[in-house]
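Participant: First the structure, then my questions, so here it is.
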Amino acid sequence: MSKSVYYYNPLPKDDSAIENALEKKVEEHSEEGFWKAYDRLRNEGKTWNHKRVYRVYKSLGLPLHRKVKKRLPTRVKEPLEVPDELNHTWSMDFVTDVLENKRRFRGFNVIDDYNREVLFIEIDYSLPSNRIIWVLNHLINKRRKPKRIRMDNGPEFIARITANWSIMHDIEFIYIQPGKPTQNAFVERFNGSYRRGVLNKYIFENLEQVREQTQIWMDDYNHFRPHDALGKIPPIKYAEINSNRASSIRIKNNKFDKLEI
(Lines give C-alpha, C1' and ligand atoms only; values in the text may rest on other atoms or scores of the structure.)
Protein backbone atom coordinates (compact mmCIF):
# COMPACT_ATOMS: atom_id res chain seq x y z
CA MET A 1 0.00 0.00 0.00
CA SER A 2 1.39 3.39 -0.94
CA LYS A 3 1.94 6.10 1.66
CA SER A 4 -0.56 8.39 -0.09
CA VAL A 5 -3.31 5.79 0.28
CA TYR A 6 -2.37 4.97 3.88
CA TYR A 7 -2.40 8.57 5.03
CA TYR A 8 -5.38 9.68 2.91
CA ASN A 9 -8.23 11.27 4.85
CA PRO A 10 -11.34 11.97 2.77
CA LEU A 11 -12.57 15.54 2.97
CA PRO A 12 -16.07 15.93 4.44
CA LYS A 13 -18.69 16.55 1.77
CA ASP A 14 -21.50 19.01 2.21
CA ASP A 15 -24.59 17.36 0.73
CA SER A 16 -27.09 19.74 2.30
CA ALA A 17 -27.95 21.30 -1.07
CA ILE A 18 -28.71 17.89 -2.57
CA GLU A 19 -30.72 16.90 0.50
CA ASN A 20 -32.85 20.04 0.33
CA ALA A 21 -33.41 19.63 -3.41
CA LEU A 22 -34.43 15.97 -3.08
CA GLU A 23 -36.75 16.60 -0.14
CA LYS A 24 -38.43 19.38 -2.11
CA LYS A 25 -38.94 17.10 -5.12
CA VAL A 26 -40.35 14.30 -2.93
CA GLU A 27 -42.74 16.73 -1.24
CA GLU A 28 -43.99 18.07 -4.58
CA HIS A 29 -44.07 14.71 -6.40
CA SER A 30 -44.35 11.95 -3.79
CA GLU A 31 -45.46 9.37 -6.36
CA GLU A 32 -42.26 9.67 -8.45
CA GLY A 33 -39.07 7.69 -7.86
CA PHE A 34 -35.37 8.52 -7.97
CA TRP A 35 -34.85 8.87 -11.70
CA LYS A 36 -37.77 11.26 -12.14
CA ALA A 37 -36.41 13.42 -9.31
CA TYR A 38 -32.86 13.28 -10.76
CA ASP A 39 -34.07 14.20 -14.25
CA ARG A 40 -36.00 17.15 -12.84
CA LEU A 41 -32.83 18.35 -11.08
CA ARG A 42 -30.82 18.00 -14.31
CA ASN A 43 -33.44 19.99 -16.20
CA GLU A 44 -33.12 22.72 -13.57
CA GLY A 45 -29.37 22.96 -14.26
CA LYS A 46 -28.06 20.90 -11.32
CA THR A 47 -24.93 19.03 -12.49
CA TRP A 48 -24.51 16.65 -9.57
CA ASN A 49 -23.37 13.15 -10.46
CA HIS A 50 -26.21 10.62 -10.37
CA LYS A 51 -24.20 8.27 -8.09
CA ARG A 52 -23.76 11.01 -5.52
CA VAL A 53 -27.42 12.02 -5.72
CA TYR A 54 -28.53 8.40 -5.35
CA ARG A 55 -26.28 7.94 -2.28
CA VAL A 56 -27.96 10.92 -0.63
CA TYR A 57 -31.37 9.71 -1.80
CA LYS A 58 -30.79 6.34 -0.10
CA SER A 59 -29.40 7.87 3.10
CA LEU A 60 -32.55 9.97 3.47
CA GLY A 61 -34.73 6.84 3.17
CA LEU A 62 -36.63 8.17 0.18
CA PRO A 63 -36.83 5.13 -2.16
CA LEU A 64 -40.40 4.07 -2.97
CA HIS A 65 -41.47 0.69 -1.65
CA ARG A 66 -42.86 -1.18 -4.60
CA LYS A 67 -45.80 -3.51 -3.97
CA VAL A 68 -45.04 -6.90 -5.44
CA LYS A 69 -48.06 -8.81 -6.68
CA LYS A 70 -48.41 -12.33 -5.37
CA ARG A 71 -49.40 -15.09 -7.71
CA LEU A 72 -52.47 -17.00 -6.58
CA PRO A 73 -52.01 -20.74 -6.03
CA THR A 74 -53.65 -22.98 -8.60
CA ARG A 75 -57.36 -23.33 -7.88
CA VAL A 76 -59.01 -26.65 -8.71
CA LYS A 77 -62.60 -26.60 -9.97
CA GLU A 78 -64.87 -28.03 -7.29
CA PRO A 79 -68.29 -29.38 -8.31
CA LEU A 80 -71.17 -27.39 -6.84
CA GLU A 81 -73.15 -29.96 -4.86
CA VAL A 82 -76.01 -29.61 -2.40
CA PRO A 83 -74.91 -31.00 0.99
CA ASP A 84 -76.90 -33.75 2.71
CA GLU A 85 -77.11 -31.96 6.06
CA LEU A 86 -77.07 -28.59 7.76
CA ASN A 87 -73.73 -26.94 8.58
CA HIS A 88 -71.84 -29.11 6.11
CA THR A 89 -70.92 -26.36 3.62
CA TRP A 90 -71.28 -22.61 3.95
CA SER A 91 -70.79 -20.04 1.20
CA MET A 92 -69.76 -16.42 1.72
CA ASP A 93 -69.29 -13.34 -0.43
CA PHE A 94 -69.40 -9.52 -0.42
CA VAL A 95 -71.86 -7.02 -1.89
CA THR A 96 -71.38 -3.26 -2.18
CA ASP A 97 -73.71 -0.28 -2.42
CA VAL A 98 -73.82 3.45 -1.61
CA LEU A 99 -75.74 5.61 0.84
CA GLU A 100 -77.66 8.74 -0.10
CA ASN A 101 -74.51 10.81 0.47
CA LYS A 102 -72.63 8.56 -2.04
CA ARG A 103 -70.50 6.96 0.66
CA ARG A 104 -69.83 3.32 -0.20
CA PHE A 105 -70.51 0.46 2.21
CA ARG A 106 -70.15 -3.31 2.06
CA GLY A 107 -72.19 -6.32 3.09
CA PHE A 108 -70.68 -9.66 4.08
CA ASN A 109 -73.12 -12.51 3.38
CA VAL A 110 -72.93 -16.06 4.73
CA ILE A 111 -75.42 -18.79 3.77
CA ASP A 112 -75.85 -22.51 4.35
CA ASP A 113 -75.73 -24.42 1.05
CA TYR A 114 -78.05 -27.15 2.35
CA ASN A 115 -81.22 -25.09 2.69
CA ARG A 116 -79.96 -21.69 1.38
CA GLU A 117 -80.61 -20.18 4.79
CA VAL A 118 -78.94 -16.80 5.29
CA LEU A 119 -76.84 -17.16 8.41
CA PHE A 120 -75.48 -13.63 8.74
CA ILE A 121 -75.19 -10.30 6.92
CA GLU A 122 -72.59 -7.92 8.33
CA ILE A 123 -72.88 -4.28 7.18
CA ASP A 124 -70.15 -1.65 7.52
CA TYR A 125 -67.98 0.78 5.59
CA SER A 126 -64.95 -1.49 5.91
CA LEU A 127 -64.86 -5.25 6.53
CA PRO A 128 -61.24 -6.42 6.97
CA SER A 129 -60.13 -9.98 7.63
CA ASN A 130 -60.36 -9.75 11.42
CA ARG A 131 -64.03 -8.68 11.07
CA ILE A 132 -64.66 -11.74 8.89
CA ILE A 133 -63.12 -13.94 11.58
CA TRP A 134 -65.36 -12.32 14.20
CA VAL A 135 -68.49 -13.13 12.17
CA LEU A 136 -67.41 -16.74 11.62
CA ASN A 137 -66.61 -17.21 15.33
CA HIS A 138 -70.02 -15.79 16.20
CA LEU A 139 -71.74 -18.25 13.85
CA ILE A 140 -69.76 -21.21 15.20
CA ASN A 141 -70.73 -20.31 18.76
CA LYS A 142 -74.36 -19.91 17.70
CA ARG A 143 -74.48 -23.07 15.58
CA ARG A 144 -71.92 -25.83 15.11
CA LYS A 145 -68.92 -25.38 12.86
CA PRO A 146 -69.16 -26.39 9.18
CA LYS A 147 -66.90 -28.86 7.47
CA ARG A 148 -66.27 -26.60 4.48
CA ILE A 149 -66.66 -22.94 3.46
CA ARG A 150 -66.75 -21.89 -0.19
CA MET A 151 -65.54 -18.41 -1.26
CA ASP A 152 -63.77 -16.45 -3.98
CA ASN A 153 -60.18 -15.15 -3.91
CA GLY A 154 -60.82 -11.78 -2.28
CA PRO A 155 -57.98 -10.30 -0.19
CA GLU A 156 -59.99 -10.74 3.02
CA PHE A 157 -60.39 -14.46 2.32
CA ILE A 158 -56.82 -15.30 1.28
CA ALA A 159 -55.19 -13.33 4.11
CA ARG A 160 -52.91 -15.20 6.50
CA ILE A 161 -55.21 -14.63 9.48
CA THR A 162 -58.13 -16.38 7.78
CA ALA A 163 -55.93 -19.27 6.61
CA ASN A 164 -54.62 -19.77 10.15
CA TRP A 165 -58.17 -19.62 11.48
CA SER A 166 -59.32 -22.39 9.13
CA ILE A 167 -56.40 -24.60 10.19
CA MET A 168 -57.06 -23.94 13.88
CA HIS A 169 -60.75 -24.89 13.57
CA ASP A 170 -60.14 -27.73 11.08
CA ILE A 171 -62.46 -26.19 8.48
CA GLU A 172 -61.68 -26.66 4.81
CA PHE A 173 -61.65 -23.49 2.71
CA ILE A 174 -62.75 -24.05 -0.89
CA TYR A 175 -61.54 -21.28 -3.22
CA ILE A 176 -63.23 -20.99 -6.59
CA GLN A 177 -61.21 -20.36 -9.73
CA PRO A 178 -60.58 -16.65 -10.46
CA GLY A 179 -63.21 -15.16 -12.74
CA LYS A 180 -65.61 -18.09 -12.23
CA PRO A 181 -68.42 -16.78 -9.97
CA THR A 182 -70.71 -19.60 -11.14
CA GLN A 183 -68.61 -21.97 -9.03
CA ASN A 184 -70.07 -20.14 -6.03
CA ALA A 185 -73.57 -19.98 -7.49
CA PHE A 186 -75.57 -20.44 -4.29
CA VAL A 187 -74.34 -17.25 -2.62
CA GLU A 188 -74.24 -15.37 -5.95
CA ARG A 189 -77.93 -16.21 -6.40
CA PHE A 190 -78.58 -15.03 -2.86
CA ASN A 191 -76.71 -11.77 -3.50
CA GLY A 192 -79.11 -11.02 -6.35
CA SER A 193 -82.15 -11.64 -4.14
CA TYR A 194 -80.72 -9.46 -1.36
CA ARG A 195 -79.89 -6.67 -3.78
CA ARG A 196 -83.39 -6.70 -5.30
CA GLY A 197 -85.10 -6.96 -1.92
CA VAL A 198 -83.08 -4.37 0.01
CA LEU A 199 -80.20 -2.53 -1.67
CA ASN A 200 -81.95 -1.59 -4.93
CA LYS A 201 -85.34 -1.08 -3.29
CA TYR A 202 -84.55 1.68 -0.79
CA ILE A 203 -82.47 4.85 -0.49
CA PHE A 204 -80.56 4.71 2.80
CA GLU A 205 -79.34 7.70 4.77
CA ASN A 206 -77.08 5.78 7.17
CA LEU A 207 -75.86 2.30 8.06
CA GLU A 208 -78.44 1.85 10.83
CA GLN A 209 -81.21 2.00 8.25
CA VAL A 210 -79.42 -0.59 6.12
CA ARG A 211 -78.95 -2.93 9.09
CA GLU A 212 -82.54 -2.56 10.27
CA GLN A 213 -84.07 -3.22 6.85
CA THR A 214 -81.63 -6.09 6.25
CA GLN A 215 -82.71 -7.79 9.49
CA ILE A 216 -86.39 -7.46 8.55
CA TRP A 217 -85.72 -8.91 5.13
CA MET A 218 -83.59 -11.77 6.56
CA ASP A 219 -86.39 -12.87 8.89
CA ASP A 220 -88.88 -12.94 6.02
CA TYR A 221 -86.39 -14.70 3.71
CA ASN A 222 -85.62 -17.49 6.18
CA HIS A 223 -89.11 -18.08 7.61
CA PHE A 224 -91.72 -17.08 5.02
CA ARG A 225 -90.33 -16.43 1.52
CA PRO A 226 -90.90 -19.47 -0.76
CA HIS A 227 -87.67 -20.73 -2.29
CA ASP A 228 -87.90 -22.18 -5.81
CA ALA A 229 -85.00 -24.61 -5.34
CA LEU A 230 -86.60 -25.97 -2.13
CA GLY A 231 -90.00 -26.77 -3.64
CA LYS A 232 -91.58 -23.39 -2.76
CA ILE A 233 -90.72 -23.88 0.94
CA PRO A 234 -88.86 -21.33 3.12
CA PRO A 235 -85.35 -22.38 4.23
CA ILE A 236 -86.13 -22.85 7.95
CA LYS A 237 -89.26 -24.90 7.27
CA TYR A 238 -87.39 -26.97 4.68
CA ALA A 239 -84.69 -27.84 7.23
CA GLU A 240 -87.32 -28.78 9.85
CA ILE A 241 -89.24 -31.04 7.43
CA ASN A 242 -86.11 -32.87 6.30
CA SER A 243 -84.83 -33.15 9.87
CA ASN A 244 -88.09 -34.80 10.98
CA ARG A 245 -88.01 -37.09 7.94
CA ALA A 246 -84.45 -38.16 8.67
CA SER A 247 -85.33 -38.83 12.33
CA SER A 248 -88.28 -41.03 11.36
CA ILE A 249 -86.10 -43.00 8.95
CA ARG A 250 -83.52 -43.60 11.69
CA ILE A 251 -86.25 -44.78 14.09
CA LYS A 252 -87.60 -47.23 11.49
CA ASN A 253 -84.11 -48.55 10.79
CA ASN A 254 -83.48 -49.08 14.50
CA LYS A 255 -86.75 -51.01 14.87
CA PHE A 256 -85.87 -53.15 11.85
CA ASP A 257 -82.41 -53.91 13.29
CA LYS A 258 -83.97 -55.00 16.61
CA LEU A 259 -86.42 -57.32 14.83
CA GLU A 260 -83.54 -58.96 12.97
CA ILE A 261 -81.68 -59.51 16.20
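By convention here, the chains of the C-alpha coordinates are called A, B, ... in the order presented, each chain's residues are numbered starting at 1, and ligands are numbered starting at 1 in the order presented.
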Mind checking which residues fall within 9 Å of Gly107 in chain A, counting only C-alpha atoms, ignoring those fewer than 2 positions away in the same chain, and posting them as JSON, numbers by chain?

Facilitator: {"A": [93, 94, 95, 96, 97, 105, 109, 121, 122, 123, 124, 125, 127]}

Participant: What lies within 9 Å of Val210 in chain A using only C-alpha atoms, ignoring chain neighbours under 3 positions off, as a ChimeraX atom specification?

Facilitator: /A:99,123,198-199,202,204-207,213-215

Participant: Could you find all residues in range 162-220 of chain A that DSSP calls strand (DSSP E or B) from the backbone, and write them as a ChimeraX atom specification?

Facilitator: /A:172-175

Participant: Find the spatial neighbours of Asp15 in chain A, counting only C-alpha atoms, within a cut-off of 12 Å - ignore same-chain residues fewer than 5 positions away - and output them as a list in words.

Facilitator: Asn20, Ala21, Leu22, Trp48, Arg52, Val53, Tyr54, Arg55, Val56, Tyr57, Ser59 and Leu60 of chain A

Participant: Give me the residues within 6 Å of Arg225 in chain A as a list in words, counting only C-alpha atoms and dropping any in the same chain fewer than 3 places off.

Facilitator: Asp220, Tyr221 and Pro234 of chain A

Participant: Find the distance between CA of Arg148 in chain A and CA of Asn87 in chain A and write it in Å to one decimal.

Facilitator: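 If I compute the distance from CA of Arg148 in chain A to CA of Asn87 in chain A, I get 8.5 Å.
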
Participant: Can you pull out the residues contacting range 80-83 of chain A? Cut-off 7 Å, using only C-alpha atoms, and skip same-chain residues under 6 positions away; I want them as a list in words.

Facilitator: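 Surrounding residues, per the criterion: Thr89, Asp113, Tyr114 and Gln183 of chain A.
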